[in-house]
Structures are given as structure tokens and as C-alpha cells.
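Novice: Just so it is clear, I am handing over coords00.txt, which has compact mmCIF, C-alpha atoms.
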# COMPACT_ATOMS: atom_id res chain seq x y z
CA MET A 27 -23.88 -9.95 -10.47
CA SER A 28 -23.57 -6.20 -10.91
CA ASN A 29 -20.94 -4.79 -13.25
CA TYR A 30 -19.31 -3.19 -10.19
CA LYS A 31 -18.89 -6.47 -8.35
CA LYS A 32 -17.78 -8.13 -11.57
CA LEU A 33 -15.02 -5.55 -11.97
CA PHE A 34 -13.95 -6.01 -8.34
CA ASP A 35 -13.70 -9.77 -8.89
CA GLU A 36 -11.71 -9.27 -12.10
CA ILE A 37 -9.27 -6.98 -10.30
CA GLU A 38 -8.88 -9.57 -7.57
CA PHE A 39 -8.24 -12.30 -10.11
CA HIS A 40 -5.51 -10.32 -11.83
CA ILE A 41 -3.70 -9.13 -8.70
CA LEU A 42 -3.61 -12.71 -7.46
CA ASN A 43 -2.64 -14.43 -10.70
CA ASP A 44 -0.77 -12.07 -13.01
CA LEU A 45 3.00 -11.74 -13.00
CA LYS A 46 2.50 -8.02 -13.62
CA PRO A 47 -1.00 -6.98 -12.49
CA SER A 48 -0.22 -3.41 -13.56
CA LYS A 49 -0.86 -4.37 -17.20
CA TYR A 50 -4.48 -5.19 -16.48
CA LEU A 51 -4.94 -2.32 -14.01
CA ASN A 52 -3.61 0.22 -16.48
CA SER A 53 -5.95 -1.19 -19.13
CA ILE A 54 -9.03 -0.35 -17.02
CA LEU A 55 -7.82 3.00 -15.69
CA GLU A 56 -9.75 5.08 -18.23
CA THR A 57 -12.87 2.90 -18.41
CA PRO A 58 -16.14 4.61 -17.39
CA ILE A 59 -16.77 2.50 -14.29
CA PHE A 60 -13.24 2.65 -12.90
CA SER A 61 -12.71 6.34 -13.61
CA ASN A 62 -16.17 7.66 -12.69
CA VAL A 63 -17.92 5.36 -10.22
CA PHE A 64 -17.36 5.19 -6.44
CA PRO A 65 -15.54 3.42 -4.86
CA PHE A 66 -13.26 2.76 -7.87
CA THR A 67 -12.63 6.50 -8.07
CA LEU A 68 -10.71 6.17 -4.78
CA LEU A 69 -8.12 4.39 -6.90
CA SER A 70 -8.44 6.15 -10.24
CA ASP A 71 -8.03 9.53 -8.52
CA LEU A 72 -4.49 8.46 -7.65
CA ASN A 73 -3.67 9.05 -11.31
CA LYS A 74 -4.36 12.75 -10.70
CA THR A 75 -2.35 12.89 -7.47
CA GLN A 76 1.17 14.18 -7.88
CA GLN A 77 4.18 13.35 -5.72
CA SER A 78 7.61 14.78 -5.05
CA PRO A 79 9.80 14.19 -8.13
CA VAL A 80 12.76 13.80 -5.78
CA HIS A 81 11.31 10.82 -3.89
CA HIS A 82 9.04 9.57 -6.66
CA PRO A 83 10.59 10.20 -10.08
CA GLU A 84 8.13 7.70 -11.58
CA GLY A 85 5.40 10.34 -11.29
CA ASN A 86 1.96 10.28 -9.71
CA VAL A 87 0.61 7.99 -7.00
CA TRP A 88 -1.03 5.62 -9.49
CA LYS A 89 2.29 4.99 -11.23
CA HIS A 90 3.93 4.33 -7.87
CA THR A 91 1.11 1.99 -6.90
CA MET A 92 1.53 0.01 -10.12
CA LEU A 93 5.22 -0.50 -9.37
CA VAL A 94 4.38 -1.62 -5.83
CA VAL A 95 1.68 -4.03 -6.99
CA ASP A 96 4.05 -5.67 -9.48
CA LEU A 97 6.73 -6.05 -6.82
CA ALA A 98 4.14 -7.44 -4.41
CA ALA A 99 3.07 -9.99 -7.04
CA GLU A 100 6.68 -11.21 -7.18
CA ARG A 101 6.77 -11.63 -3.40
CA LYS A 102 3.21 -12.63 -2.51
CA GLU A 103 4.19 -16.22 -1.76
CA GLN A 104 6.19 -14.88 1.19
CA SER A 105 2.95 -13.56 2.70
CA THR A 106 0.80 -15.56 5.10
CA ASP A 107 -2.33 -14.37 3.26
CA GLU A 108 -1.81 -13.59 -0.42
CA LYS A 109 -5.24 -12.06 -0.99
CA VAL A 110 -4.93 -9.69 1.97
CA PHE A 111 -1.38 -8.81 0.96
CA MET A 112 -2.19 -8.02 -2.67
CA TRP A 113 -5.23 -5.90 -1.83
CA SER A 114 -3.12 -4.08 0.76
CA ALA A 115 -0.52 -3.36 -1.92
CA LEU A 116 -3.14 -2.01 -4.31
CA LEU A 117 -4.88 0.12 -1.69
CA HIS A 118 -1.87 1.13 0.43
CA ASP A 119 -1.78 4.77 -0.74
CA ILE A 120 -5.51 5.21 -1.22
CA GLY A 121 -5.42 8.03 1.33
CA LYS A 122 -3.08 10.20 -0.73
CA ALA A 123 -5.66 11.63 -3.14
CA SER A 124 -7.47 13.45 -0.33
CA THR A 125 -4.43 14.38 1.77
CA THR A 126 -1.90 15.55 -0.80
CA VAL A 127 -1.23 19.30 -0.77
CA ILE A 128 1.67 21.58 -1.60
CA ARG A 129 3.42 22.97 1.47
CA LYS A 130 6.33 25.35 0.98
CA GLY A 131 6.64 24.23 -2.63
CA LYS A 132 6.67 20.52 -1.82
CA TYR A 133 4.05 17.79 -2.15
CA THR A 134 3.04 16.31 1.20
CA SER A 135 0.44 13.72 2.18
CA TYR A 136 0.45 13.82 5.97
CA ASN A 137 -1.73 11.17 7.64
CA HIS A 138 -2.47 9.38 4.38
CA ASP A 139 -1.90 6.14 6.28
CA LYS A 140 -4.63 6.95 8.81
CA VAL A 141 -7.01 8.27 6.16
CA GLY A 142 -6.22 5.25 4.02
CA GLU A 143 -7.27 2.92 6.81
CA THR A 144 -10.79 4.36 6.70
CA LEU A 145 -11.00 4.66 2.91
CA SER A 146 -9.85 1.08 2.38
CA MET A 147 -12.72 -0.07 4.58
CA ASP A 148 -15.14 2.14 2.64
CA PHE A 149 -13.88 0.60 -0.59
CA LEU A 150 -14.00 -3.04 0.46
CA LYS A 151 -17.36 -2.82 2.22
CA GLN A 152 -18.95 -2.15 -1.16
CA PHE A 153 -18.07 -5.67 -2.27
CA THR A 154 -17.67 -7.96 0.73
CA ASP A 155 -19.04 -8.42 4.24
CA ASP A 156 -15.96 -10.36 5.36
CA THR A 157 -15.09 -8.14 8.31
CA LYS A 158 -11.90 -10.03 9.18
CA PHE A 159 -10.61 -9.64 5.64
CA ILE A 160 -11.41 -5.92 5.64
CA TYR A 161 -9.85 -5.42 9.07
CA LYS A 162 -6.57 -7.09 8.11
CA ILE A 163 -6.16 -4.95 5.01
CA SER A 164 -7.12 -1.71 6.74
CA LYS A 165 -4.59 -2.30 9.51
CA ILE A 166 -1.73 -3.07 7.13
CA ILE A 167 -2.54 0.20 5.38
CA ARG A 168 -2.78 2.04 8.70
CA TRP A 169 0.71 0.94 9.70
CA HIS A 170 2.50 0.78 6.36
CA MET A 171 4.52 3.95 7.07
CA GLN A 172 6.02 2.61 10.28
CA LEU A 173 9.23 1.45 8.64
CA LEU A 174 10.08 5.04 7.80
CA PHE A 175 9.08 6.27 11.26
CA VAL A 176 10.89 3.55 13.20
CA VAL A 177 14.13 3.56 11.20
CA ASN A 178 14.38 7.34 11.44
CA ASN A 179 13.37 7.46 15.12
CA LEU A 180 10.40 9.70 14.38
CA PRO A 181 7.77 10.42 17.07
CA PHE A 182 5.03 8.93 14.89
CA SER A 183 6.32 5.40 15.46
CA ASP A 184 4.25 3.10 17.66
CA ILE A 185 5.71 -0.39 17.48
CA LYS A 186 3.61 -1.78 20.30
CA LYS A 187 0.25 -0.80 18.86
CA MET A 188 1.30 -1.80 15.36
CA CYS A 189 2.21 -5.29 16.56
CA GLU A 190 -1.07 -5.55 18.46
CA GLU A 191 -3.15 -4.72 15.39
CA THR A 192 -1.31 -6.34 12.51
CA SER A 193 1.49 -8.66 11.45
CA LEU A 194 5.02 -7.31 11.65
CA HIS A 195 6.02 -9.71 8.90
CA GLU A 196 3.33 -8.39 6.53
CA ILE A 197 4.24 -4.77 7.27
CA ALA A 198 7.90 -5.45 6.54
CA LEU A 199 7.06 -7.27 3.30
CA LEU A 200 4.77 -4.52 2.02
CA SER A 201 7.22 -1.85 3.18
CA LEU A 202 9.96 -3.41 1.07
CA CYS A 203 7.71 -3.30 -2.00
CA ASP A 204 6.68 0.25 -1.16
CA ARG A 205 10.26 1.49 -0.79
CA LEU A 206 11.43 -0.26 -3.95
CA GLY A 207 8.36 0.84 -5.91
CA ARG A 208 10.06 3.88 -7.38
CA SER A 209 11.76 4.34 -10.73
CA ASN A 210 15.46 4.89 -11.34
CA LEU A 211 16.64 3.23 -8.13
CA THR A 212 20.37 2.54 -8.15
CA SER A 213 21.73 -0.79 -6.96
CA SER A 214 23.20 0.95 -3.90
CA ARG A 215 19.80 2.49 -3.10
CA ILE A 216 18.14 -0.90 -3.34
CA ILE A 217 20.68 -2.30 -0.88
CA ILE A 218 19.99 0.58 1.52
CA GLU A 219 16.24 -0.05 1.36
CA GLU A 220 16.72 -3.76 2.01
CA GLN A 221 18.99 -2.96 4.95
CA ASN A 222 16.39 -0.55 6.32
CA VAL A 223 13.80 -3.33 6.36
CA LYS A 224 16.23 -5.48 8.37
CA LEU A 225 16.87 -2.57 10.76
CA PHE A 226 13.13 -2.02 11.12
CA LEU A 227 12.59 -5.65 12.06
CA LYS A 228 15.52 -5.58 14.47
CA LYS A 229 14.18 -2.52 16.29
CA CYS A 230 10.67 -3.96 16.45
CA HIS A 231 11.91 -7.29 17.78
CA LYS A 232 13.93 -5.52 20.44
CA GLU A 233 11.02 -3.28 21.46
CA MET A 234 8.62 -6.22 21.68
CA GLU A 235 11.24 -8.57 23.13
CA LEU A 236 10.70 -10.98 20.29
CA PRO A 237 13.26 -13.52 19.07
CA THR A 238 15.23 -12.29 16.06
For this file, produce the structure as C-alpha cells.

Specialist:
Amino acid sequence: MSNYKKLFDEIEFHILNDLKPSKYLNSILETPIFSNVFPFTLLSDLNKTQQSPVHHPEGNVWKHTMLVVDLAAERKEQSTDEKVFMWSALLHDIGKASTTVIRKGKYTSYNHDKVGETLSMDFLKQFTDDTKFIYKISKIIRWHMQLLFVVNNLPFSDIKKMCEETSLHEIALLSLCDRLGRSNLTSSRIIIEEQNVKLFLKKCHKEMELPT
């Protein structure tokens, strides 16, 4: 087994079994393979990718991802496929490194969900030929921003296509972790984010004529 595949398997073990996978992931962040070798650089580059301090006071995308992964680990038993869910959590913002720019003095990462869909496939194809596994993860990443779009009635929302390509339940679960994966959240803000997930599900159920 190559050292690259061995590292992939170790990451998978920790994200599936650790209470706080971020401890292990942070421990390998500066290692030569993870920080210098493709496709691991798709993740380690997130440590160099800054975000808006207003929306992400925790700092760069890597720090946000670590918070999301730990929250996902707490909730993975609610998923219908824990391995898909945890890899989706780890890779959900993989598109930000190549899409983040400063526009009018603010950090933006437009289309990082769409770019992330492709990059997650590029990453996973290096280690597995399980096309169904790769597809499920890539589609969760593709649609992980829909909560924001749907709740705020933005034109980027596409409930129908999202529900055709992935699980609404998995999107809602990851979205909750994503929205809570920020530092310094007040109790009132947490309640708002939880309510937004419920509103997202309600709107999707109504659009798709699904039972609530």
C-alpha cells in the first residue's frame, strides 16, 4: 500500500471513529505528504484561504472545516451513510481555495459549491473506484449551499434538481453543521440557525409536495 493510500485510510478511520477528528487532522496538516502532495493539497490549501471575519470569526477555511467535521462527528449517527456524510463534511468547502478572491474589500468564494463538486471527485478518484460513493459525496458538496439560497429566496436555489441528485435529509444535516461551524456563536444565533434548517426543510417539502 502506498503512503498516500495509507494516509487516506488513516483519515477515514479518524473521521469515522474519533469524537473530535480535528485533533488528528490538525496533527497531519504540516506533514510533507498532506501539505505538499496532490490531492491532499486540495485540503491543506484551505489553511491558506481566508474568509470574512464577520461571517467566519474562527479564521481561515481549514479552521471552519475542522469545526464542521467535529460537529458532523457528533451527528453522524443521524445520517443514512456515515462514511459518505463524514467525507462530505471534510470536503464540503474544498472549492474555496481556488474560488476565493477579494471583491470590494470582502472575501468571496462564488461557485465554490460547483467547483467543489468536481474537485471532490478528483480527490476521491485517487483512492477509490467506488463510483457510487464518489457520486454521493460530490452531490452533497454540490448542493450544500442550498439552505442559504432557499431560506433567503435567492435565484440560485433549485430544490427540484437538488432532490433529484441527492438526499434532502443529508443536505439539511450537513447544512446544520456548516452553519454552526463558526466560532463565537451566541445561543440566540444557534437557535436561528436551527430554525433556518427547519424552514429549509419546510420549503423543500412544499416545493416537492412531500409529507412534512

Novice: Work out how far atom CA of A:Cys230 is from atom CA of A:Ile185, in Å to one decimal.

Specialist: 6.2 Å

Novice: Rounded to one decimal, what separation in Å do you get between atom CA of A:Phe34 and atom CA of A:Ala98?

Specialist: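 Result for atom CA of A:Phe34 versus atom CA of A:Ala98: 18.6 Å, one decimal.
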
Novice: Suppose you want the space between atom CA of A:Lys140 and atom CA of A:Ser164; what is it in Å?

Specialist: 9.2 Å

Novice: Name the residues within 10 Å of (-10.7, 3.3, 0.0), counting only C-alpha atoms in the file's coordinates, and put them as a PyMOL selection string.

Specialist: chain A and resi 64-69+117-121+141-152+164

Novice: Show me, as a PyMOL selection string, the residues that have an atom within 12 Å of A:Lys49 when counting only C-alpha atoms, minus same-chain residues fewer than 2 positions from it.

Specialist: chain A and resi 37+40-41+44-47+51-55+89+92-93+95-96

Novice: Counting all atoms listed in the file, which of A:Ile166, A:Leu42, A:Val80, A:Val223 gets nearest to A:Ser209?

Specialist: A:Val80

Novice: Mind listing as a VMD selection string all residues within 12 Å of (16.7, -1.8, 7.7), counting all atoms listed in the file?

Specialist: chain A and resid 172 to 178 198 to 199 201 to 202 205 216 to 230

Novice: Identify which of the residues A:His81, A:Lys162, A:Lys32, A:Lys132 lies closest to A:Met112, counting only C-alpha atoms when measuring atom-to-atom distances.

Specialist: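 Going through A:His81, A:Lys162, A:Lys32, A:Lys132 one by one, the smallest distance to A:Met112 is for A:Lys162.
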
Novice: Would you please work out which residue, of A:Gln104, A:Thr91, A:Thr154, A:Gln77, is nearest to A:Thr125 when using only C-alpha atoms?

Specialist: A:Gln77

Novice: My list of candidates is A:Lys186, A:Pro181, A:Ile163, A:Phe153. Which is closest to A:Lys232 when distances are computed with only C-alpha atoms?

Specialist: A:Lys186

Novice: Nearest residue to A:Leu97 out of A:Ser78, A:Thr57, A:Ser135, A:Ser48, using all atoms listed in the file?

Specialist: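 Once distances to A:Leu97 are computed over all atoms listed in the file, the minimum belongs to A:Ser48.
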
Novice: From the options A:Lys158, A:Lys102, A:His231, A:Arg215, which residue's atoms come nearest to A:Cys189, counting all atoms listed in the file?

Specialist: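 Once distances to A:Cys189 are computed over all atoms listed in the file, the minimum belongs to A:His231.
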
Novice: What are the centre and edge lengths in Å, to one decimal, of the axis-aligned box around all listed atoms of stretch 45-50 of chain A with 3 Å added on each side, as JSON?

Specialist:
{"center_x": -0.7, "center_y": -7.6, "center_z": -14.8, "size_x": 13.5, "size_y": 14.3, "size_z": 10.7}
